[in-house]
Each structure stands twice: as C-alpha cells, then as structure tokens.
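**Q** First the structure, which I've put down as structure tokens, then a few questions once you've had a look.
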Amino acid sequence: MSRVRFALAFLRNTWRGLTSMRTALVLLFLLAMAALPGALIPQRSLSPPQVDKYFQDYPEIAPVLDKIGVFEVFSSVWFASIYVLLFISLIGCLLPRCLEYYRQLRGRPVRTPKNLRRMPHHAAATVDGTPDEVLAAARRRLRGWRKEERTDDEGRRSISAEHGYLRELGNLIFHFALVGLLVGVAGGKLYGYEGQVIVLADGSEFCNSGTYNYDAFRAGLRVDGTNLSPFCVRVNDLKATYQPTGQAESYRVGMEYQSGQDLQNNQWRPYELQVNHPLRTADDRIYLTDVGYAPTFTVTWPDGQHRTSTVQWQPMDPTTKLSQGATKFDQPGVTDEVQRRRTQLAVTGLFAPTAAYHGAVLSSQFPDLLDPAVAVDVLRGDLGLDSGRGQSIFGVDQKMVESGRLQRVARQNLHVDEQIRLDDGTTIHFDGVERWANLQVSHDPFQPFVLGAAIAVIFGIGASLSIKRRRIWVRVAEHPETGEGGSARTVVEVGGLARTDQAGYGEEFTRVAEDLLGTGSSDPAPSGVASVRGRNS
C-alpha cells in the first residue's frame, strides 16, 4: 500500500507541477529556444544542398549536430516532446481556471467590509437626501457594474459593486488561442503539403495532379500525394525589372490558371503573379519564389538528325544571375544500348545574362538579358541515366567522369546563334534563352484556423492588459440631524479596491466618489464633507 500511495502522490505532484502556469511559461520559452536552430541552421526538409555545404564547411561539428537532430529540428523527438508537454500544460492550467471563472460569474459580489476606512481608496460625506435617494443615484452611477444590495446588523444599507470580469475572460481567451495556434500548426503539418516546381515562361503548363510533377515535394504526415487539390497554371511570360545596381525591382509573371469547373470547361483565367502576391485557388496558394534562365541548345549529328532542348540552369549568384547547369541529349535512331551509352552528350558550364570576361573566363555583370553568353564543356559518353542512382538536373554524375566513361570533348564560349563543332562533325548551336519561374504551391487547410487563433491572441491580450478588475462599496445611513427646512440628511461612505496593481484606478475612484458625494468641482461641497482619500493599490 505504501508503494501505491507513493506512486499516486508522485503522479499527483507531477501533474500539479506540469499544469502550473510557471511550467507552461518555461515550456513556452523552451519551445522558442528550440526553434532557433531551425531558423539559423539549414534544414534538410527545406534545403538539402545547404545542409551538405554545412557538412563541408564544419566537418567536425556537423556530425554531432546531426545526431541530435539539429538539421531536422521541427520533426525531431525532443522538439515534439516540448510541443506536446506545452499543449498538455496549457490545457491543464486552463480547465481549473475556467471552472473558477464560472464560479465567480455565478457568485455574488463580496459583502461590504465593516470598516471601509481601511480600504486603499475611501471617501465619506454627509449629503442632503434620504438613503433611498442616495442609493438610487448610486445605482445609476454604477450602471454596468455587478451589484448586490445588503443591509447589515446595524440597519445600514449598502451596495457592493464589481467591475472588470472581462479581464479574466481576455486572459483565458489569450491562452486558449495559444492552444489553438499549437493545434493549427500541428494540423497544418499533418494535413498540409508544399511543393516546388520550375516552369518555363514560354507557355509551359503545370497541373497539380500528382507529386511526380514537382521538382521537390514535402508532404504532411497524413498526405500520401494521391488527393491533391486539382488546378493547372500556364506561364506565358515573365517580366523582370532591375535597378542600375542590379538589385531586383519587380518580377511579374503573366499566367493563366484553371480550377474547379474551369477544368471541365477548359476555361483559363488570367492572373499576374508577383512576389508576396500569391495566387489563391483550389484551397492552395501559389507563390513566386525565384526566377532564372534556361539556355536552348540544338545538337545536329553527322547524319542530319537533330534535337533541341531547353532546360533550366541553376543561379549561382543572385545578384548577377550567373548560372550553372547541364543539358543532356541522346542520339536519335540508336537502338543498341551499348552504342547509345557511348554517344550520349551533355552540355555543361556557365550562363551569363550579361557577359563579362576576365581573360577567357566568363562571368556576368548584370542580371538582365543584355548580352547572354555561355561557357560550355561538352561531355560525351555514358551519362549514367540508367544506373538507377538519383542525378541532379543541374549537373552530371561525377563518378562517370572519374571512371572515364564520360569525357570532355570540347570547351568554348558561345553567344547567341554561335555554335561549336565536335571532332565527329556533330554541331551544338546556342539558340537563345528562355526565362523560368520557380513556383511554390502551399496547401494548409488549417490556415483560417490559425488566423482566427492569432486574432484571438491579440484580442485576449489586449483585453487582459486594458481592463482593470475593481470593487466599490457604497454604504448609507440616516443622519440623526435634519437639514435646513427639516430635510433629511444621509451619511455616505464609499470604499474602493483594485484587484490588480494598475495605475489609474485612483482617478476613477475619485470621479465616482465625487459624483456620489457631490464633491465635484461643478457642485458646491455640502457641509460635513470628509475629504476624499485614495492611493493606487
């Protein structure tokens, strides 16, 4: 039995400690601190190349960080543990407070203290009029306050009034909204998805029909990629304007889209996509995240057959848009697999939208298409496309180069309409350049819920900070002496108490007391008036 009691006591104390507001604040602070590595250190889910670069730059510390999940912060066990504990702690804190708040709303205002002079705010006076008239005036002045009238053992009548109950309601709304934010973020991670796709600005189309259409896709834990929101976009043109310094001023993508019934009617709707001005359709948001260039090459083999390909190249310098990439070709008409692998071609190198030369080395001096040029290495042999290994669209398999199965056969700088001839008579012609737009498709069904919770957070914190919880008591008793002409007189006492330490209640109490006692500057002070005394509590 002693062990059972000890276990129950341990569980009870653990639960009390976990559900205390101090623990909730500590967990909220820990959650914010735990999110810092996710903002400062590259994450695998967002940028695997940056993670690889981090391993190259910091080979000693990167493996240690990898073991503790720093490169996957938001999916790590320790981050999820803090998240779940914070959720439990907030719920455990709020439920008892809700019950207590419900009891306060159902309860009656506290009785008038016997000695109001001990209150932090106090005023007293003898006024003309009966106690009924004074209490009626007090009811009118305290309209909107929760009031309770009582009569004590000495026959004195009083009003107990309380105001500011919405302060605690605002506090509860604030904390429940925080819980709502946690639920909304968690729901977005479970049922949302995000994908990246590069679309050429030459009338090319993209349809959200499956994950295979994306260049990169990150799915929520409850998303299998088979039930994506149906829509299609067509990118017709891309206009970029730059400042003389080369800094981008604006990107405007002229596009068309269709979703819902438009897919059945094949109706396209125009839209101009800009940075930070996403297209919202089919419950998804489509953002413009980057732009770049795709050189066009035409390869003509000695037998007269030719192929043309336009493939996006990857910007290396965001200021000048100097890009690197690889455009790959198979010789047509070759049916023998061994021969086909020996004659594959790859045009790799650098692309400069505005060419600048440092000797024979090509560079770029401006991001716009003022003088496009490429510095190409032509590789021939086995590209390793059938090896079963994943391969970047922006490069070739270096293992093929190292093994000698893929060899460089030519190197040359080319401007538009120039070509290079290989040793077997094959020519590679630089036809021109197309622009491309990198589109990010985001789906989060909990986004309206998160927005509502964020608004509730602002409303709740505003109410809890601006509303003051305070109490006022008004006690009246008939004065033994009569006034001029035999009129009745009443002794009035007013006491006040602020439930929270906030400046400003002293001034409010003074105004209320002056209205009730007739001591305001617009009314003459009656005889026998005690001075109004108050201090901020």
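Residue numbering restarts at 1 for every chain of the structure tokens, chains are lettered A, B, ... in their displayed order, and ligands are numbered from 1 as they appear.
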Residues within 9 Å of Lys147 of chain A, please, as an MDAnalysis selection string. Count only C-alpha atoms; anything in the same chain fewer than 4 positions from it doesn't count.

**A** chainID A and resid 108:109 139 142:143 159:162

**Q** Now that the selection is made, can you save its residues with N, CA and C atoms as an mmCIF file, in the first residue's frame?

**A**
data_model
loop_
_atom_site.group_PDB
_atom_site.id
_atom_site.type_symbol
_atom_site.label_atom_id
_atom_site.label_comp_id
_atom_site.auth_asym_id
_atom_site.auth_seq_id
_atom_site.Cartn_x
_atom_site.Cartn_y
_atom_site.Cartn_z
ATOM 1 N N ARG A 108 -21.937 35.991 -5.929
ATOM 2 C CA ARG A 108 -22.407 37.346 -5.625
ATOM 3 C C ARG A 108 -21.217 38.212 -5.239
ATOM 4 N N PRO A 109 -21.289 39.508 -5.483
ATOM 5 C CA PRO A 109 -20.206 40.392 -5.032
ATOM 6 C C PRO A 109 -20.008 40.269 -3.520
ATOM 7 N N ARG A 139 -27.030 53.568 -7.898
ATOM 8 C CA ARG A 139 -27.335 52.559 -8.923
ATOM 9 C C ARG A 139 -27.152 53.130 -10.320
ATOM 10 N N LEU A 142 -23.422 53.534 -11.107
ATOM 11 C CA LEU A 142 -22.711 52.259 -11.253
ATOM 12 C C LEU A 142 -23.410 51.340 -12.254
ATOM 13 N N ARG A 143 -24.099 51.932 -13.221
ATOM 14 C CA ARG A 143 -24.741 51.127 -14.255
ATOM 15 C C ARG A 143 -23.657 50.377 -15.039
ATOM 16 N N ILE A 159 -24.329 48.986 -1.065
ATOM 17 C CA ILE A 159 -24.235 48.391 -2.402
ATOM 18 C C ILE A 159 -22.808 47.893 -2.589
ATOM 19 N N SER A 160 -22.684 46.621 -2.948
ATOM 20 C CA SER A 160 -21.384 46.049 -3.323
ATOM 21 C C SER A 160 -21.357 45.927 -4.850
ATOM 22 N N ALA A 161 -20.373 46.554 -5.476
ATOM 23 C CA ALA A 161 -20.290 46.575 -6.944
ATOM 24 C C ALA A 161 -18.910 46.106 -7.388
ATOM 25 N N GLU A 162 -18.887 45.306 -8.442
ATOM 26 C CA GLU A 162 -17.641 44.812 -9.012
ATOM 27 C C GLU A 162 -17.655 45.039 -10.521
#

**Q** Please provide as a ChimeraX atom specification all residues within 6 Å of segment 404-419 of chain A, with the sequence filter that same-chain residues fewer than 3 positions apart are discarded (counting only C-alpha atoms).

**A** /A:373-382,400-401,428-432

**Q** Excluding same-chain residues fewer than 6 positions from segment 86-94 of chain A, what lies within 10 Å of it counting only C-alpha atoms, as a ChimeraX atom specification?

**A** /A:15-31,80,100,171-173,175-176,178-180,182-183

**Q** Those same residues, written as a PDB file, in the first residue's frame with N, CA and C atoms?

**A**
ATOM      1  N   TRP A  15       1.679  15.944 -11.899  1.00  0.00           N
ATOM      2  CA  TRP A  15       0.616  16.595 -12.666  1.00  0.00           C
ATOM      3  C   TRP A  15       0.440  18.049 -12.224  1.00  0.00           C
ATOM      4  N   ARG A  16       0.497  18.300 -10.941  1.00  0.00           N
ATOM      5  CA  ARG A  16       0.362  19.675 -10.453  1.00  0.00           C
ATOM      6  C   ARG A  16       1.509  20.549 -10.950  1.00  0.00           C
ATOM      7  N   GLY A  17       2.711  19.969 -10.921  1.00  0.00           N
ATOM      8  CA  GLY A  17       3.844  20.748 -11.419  1.00  0.00           C
ATOM      9  C   GLY A  17       3.758  21.008 -12.909  1.00  0.00           C
ATOM     10  N   LEU A  18       3.306  19.997 -13.682  1.00  0.00           N
ATOM     11  CA  LEU A  18       3.214  20.157 -15.129  1.00  0.00           C
ATOM     12  C   LEU A  18       2.146  21.163 -15.510  1.00  0.00           C
ATOM     13  N   THR A  19       1.047  21.189 -14.773  1.00  0.00           N
ATOM     14  CA  THR A  19      -0.077  22.052 -15.133  1.00  0.00           C
ATOM     15  C   THR A  19      -0.046  23.402 -14.435  1.00  0.00           C
ATOM     16  N   SER A  20       1.074  23.762 -13.844  1.00  0.00           N
ATOM     17  CA  SER A  20       1.185  25.093 -13.255  1.00  0.00           C
ATOM     18  C   SER A  20       1.523  26.105 -14.348  1.00  0.00           C
ATOM     19  N   MET A  21       1.119  27.345 -14.131  1.00  0.00           N
ATOM     20  CA  MET A  21       1.383  28.379 -15.125  1.00  0.00           C
ATOM     21  C   MET A  21       2.879  28.644 -15.265  1.00  0.00           C
ATOM     22  N   ARG A  22       3.626  28.484 -14.183  1.00  0.00           N
ATOM     23  CA  ARG A  22       5.077  28.685 -14.267  1.00  0.00           C
ATOM     24  C   ARG A  22       5.703  27.660 -15.217  1.00  0.00           C
ATOM     25  N   THR A  23       5.250  26.392 -15.128  1.00  0.00           N
ATOM     26  CA  THR A  23       5.770  25.364 -16.034  1.00  0.00           C
ATOM     27  C   THR A  23       5.396  25.663 -17.476  1.00  0.00           C
ATOM     28  N   ALA A  24       4.172  26.150 -17.689  1.00  0.00           N
ATOM     29  CA  ALA A  24       3.747  26.488 -19.054  1.00  0.00           C
ATOM     30  C   ALA A  24       4.619  27.589 -19.640  1.00  0.00           C
ATOM     31  N   LEU A  25       4.943  28.591 -18.834  1.00  0.00           N
ATOM     32  CA  LEU A  25       5.807  29.676 -19.321  1.00  0.00           C
ATOM     33  C   LEU A  25       7.213  29.162 -19.634  1.00  0.00           C
ATOM     34  N   VAL A  26       7.718  28.269 -18.781  1.00  0.00           N
ATOM     35  CA  VAL A  26       9.048  27.700 -19.032  1.00  0.00           C
ATOM     36  C   VAL A  26       9.041  26.887 -20.330  1.00  0.00           C
ATOM     37  N   LEU A  27       7.998  26.083 -20.545  1.00  0.00           N
ATOM     38  CA  LEU A  27       7.908  25.281 -21.767  1.00  0.00           C
ATOM     39  C   LEU A  27       7.758  26.171 -22.997  1.00  0.00           C
ATOM     40  N   LEU A  28       7.015  27.270 -22.867  1.00  0.00           N
ATOM     41  CA  LEU A  28       6.884  28.198 -23.993  1.00  0.00           C
ATOM     42  C   LEU A  28       8.231  28.821 -24.333  1.00  0.00           C
ATOM     43  N   PHE A  29       8.995  29.161 -23.312  1.00  0.00           N
ATOM     44  CA  PHE A  29      10.344  29.697 -23.541  1.00  0.00           C
ATOM     45  C   PHE A  29      11.247  28.641 -24.189  1.00  0.00           C
ATOM     46  N   LEU A  30      11.156  27.408 -23.703  1.00  0.00           N
ATOM     47  CA  LEU A  30      11.967  26.330 -24.288  1.00  0.00           C
ATOM     48  C   LEU A  30      11.585  26.076 -25.743  1.00  0.00           C
ATOM     49  N   LEU A  31      10.288  26.175 -26.049  1.00  0.00           N
ATOM     50  CA  LEU A  31       9.857  25.976 -27.437  1.00  0.00           C
ATOM     51  C   LEU A  31      10.446  27.052 -28.349  1.00  0.00           C
ATOM     52  N   ALA A  80       9.211  17.739 -30.593  1.00  0.00           N
ATOM     53  CA  ALA A  80       7.835  17.259 -30.443  1.00  0.00           C
ATOM     54  C   ALA A  80       7.482  17.056 -28.969  1.00  0.00           C
ATOM     55  N   GLU A 100     -13.068  28.057 -12.120  1.00  0.00           N
ATOM     56  CA  GLU A 100     -13.027  29.127 -11.132  1.00  0.00           C
ATOM     57  C   GLU A 100     -13.706  30.386 -11.660  1.00  0.00           C
ATOM     58  N   ASN A 171      -7.904  36.992 -20.545  1.00  0.00           N
ATOM     59  CA  ASN A 171      -6.732  36.165 -20.231  1.00  0.00           C
ATOM     60  C   ASN A 171      -6.961  34.724 -20.670  1.00  0.00           C
ATOM     61  N   LEU A 172      -8.163  34.205 -20.413  1.00  0.00           N
ATOM     62  CA  LEU A 172      -8.475  32.838 -20.826  1.00  0.00           C
ATOM     63  C   LEU A 172      -8.509  32.717 -22.351  1.00  0.00           C
ATOM     64  N   ILE A 173      -9.081  33.727 -23.018  1.00  0.00           N
ATOM     65  CA  ILE A 173      -9.113  33.693 -24.484  1.00  0.00           C
ATOM     66  C   ILE A 173      -7.700  33.697 -25.037  1.00  0.00           C
ATOM     67  N   HIS A 175      -4.934  32.507 -23.679  1.00  0.00           N
ATOM     68  CA  HIS A 175      -4.267  31.219 -23.501  1.00  0.00           C
ATOM     69  C   HIS A 175      -4.919  30.125 -24.343  1.00  0.00           C
ATOM     70  N   PHE A 176      -6.250  30.156 -24.468  1.00  0.00           N
ATOM     71  CA  PHE A 176      -6.893  29.176 -25.353  1.00  0.00           C
ATOM     72  C   PHE A 176      -6.497  29.424 -26.807  1.00  0.00           C
ATOM     73  N   LEU A 178      -3.588  30.501 -27.740  1.00  0.00           N
ATOM     74  CA  LEU A 178      -2.270  29.890 -27.876  1.00  0.00           C
ATOM     75  C   LEU A 178      -2.390  28.388 -28.132  1.00  0.00           C
ATOM     76  N   VAL A 179      -3.295  27.750 -27.405  1.00  0.00           N
ATOM     77  CA  VAL A 179      -3.533  26.327 -27.652  1.00  0.00           C
ATOM     78  C   VAL A 179      -4.043  26.127 -29.077  1.00  0.00           C
ATOM     79  N   GLY A 180      -4.937  27.046 -29.519  1.00  0.00           N
ATOM     80  CA  GLY A 180      -5.438  26.953 -30.882  1.00  0.00           C
ATOM     81  C   GLY A 180      -4.336  27.105 -31.910  1.00  0.00           C
ATOM     82  N   LEU A 182      -1.217  26.205 -31.476  1.00  0.00           N
ATOM     83  CA  LEU A 182      -0.493  24.933 -31.473  1.00  0.00           C
ATOM     84  C   LEU A 182      -1.246  23.870 -32.259  1.00  0.00           C
ATOM     85  N   VAL A 183      -2.560  23.816 -32.057  1.00  0.00           N
ATOM     86  CA  VAL A 183      -3.362  22.832 -32.797  1.00  0.00           C
ATOM     87  C   VAL A 183      -3.325  23.130 -34.288  1.00  0.00           C
TER      88      VAL A 183
END

**Q** Based on the backbone DSSP call, show me all residues of segment 75-304 of chain A assigned alpha helix (DSSP H), as a ChimeraX atom specification.

**A** /A:77-106,131-141,166-191,261-265

**Q** What's around Val197 of chain A at 9 Å? Count only C-alpha atoms, leave out sequence neighbours fewer than 2 positions away in its own chain, and write the answer as a PDB file with C-alpha atoms, in the first residue's frame.

**A**
ATOM      1  CA  GLY A 195       5.910  21.695 -53.434  1.00  0.00           C
ATOM      2  CA  VAL A 199       8.010  26.287 -65.147  1.00  0.00           C
ATOM      3  CA  PHE A 206       1.874  22.730 -64.675  1.00  0.00           C
ATOM      4  CA  ASN A 213       5.019  16.828 -61.429  1.00  0.00           C
ATOM      5  CA  TYR A 214       7.052  18.605 -58.750  1.00  0.00           C
ATOM      6  CA  ASP A 215      10.783  19.193 -58.584  1.00  0.00           C
ATOM      7  CA  ALA A 216      10.595  18.986 -54.799  1.00  0.00           C
ATOM      8  CA  PHE A 217       7.649  17.964 -52.646  1.00  0.00           C
ATOM      9  CA  ALA A 437       9.699  30.912 -62.752  1.00  0.00           C
ATOM     10  CA  ASN A 438      10.047  28.859 -59.603  1.00  0.00           C
ATOM     11  CA  LEU A 439       6.558  28.340 -58.174  1.00  0.00           C
ATOM     12  CA  GLN A 440       5.836  27.206 -54.645  1.00  0.00           C
ATOM     13  CA  VAL A 441       2.491  25.520 -54.058  1.00  0.00           C
TER      14      VAL A 441
END

**Q** Got a sec: who's within 10 Å of segment 293-302 of chain A, counting only C-alpha atoms, leaving out chain neighbours fewer than 3 positions off, as a ChimeraX atom specification?

**A** /A:200-201,305-315,321-332,345,347,351-353,368-369,372-374,416-417,419-422,424-437

**Q** Restricting the calculation to only C-alpha atoms, which member of A:Leu383, A:Ala513, A:Leu116, A:Leu65 is positioned closest to Val51 of chain A?

**A**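 Nearest candidate to Val51 of chain A out of A:Leu383, A:Ala513, A:Leu116, A:Leu65: A:Leu65.
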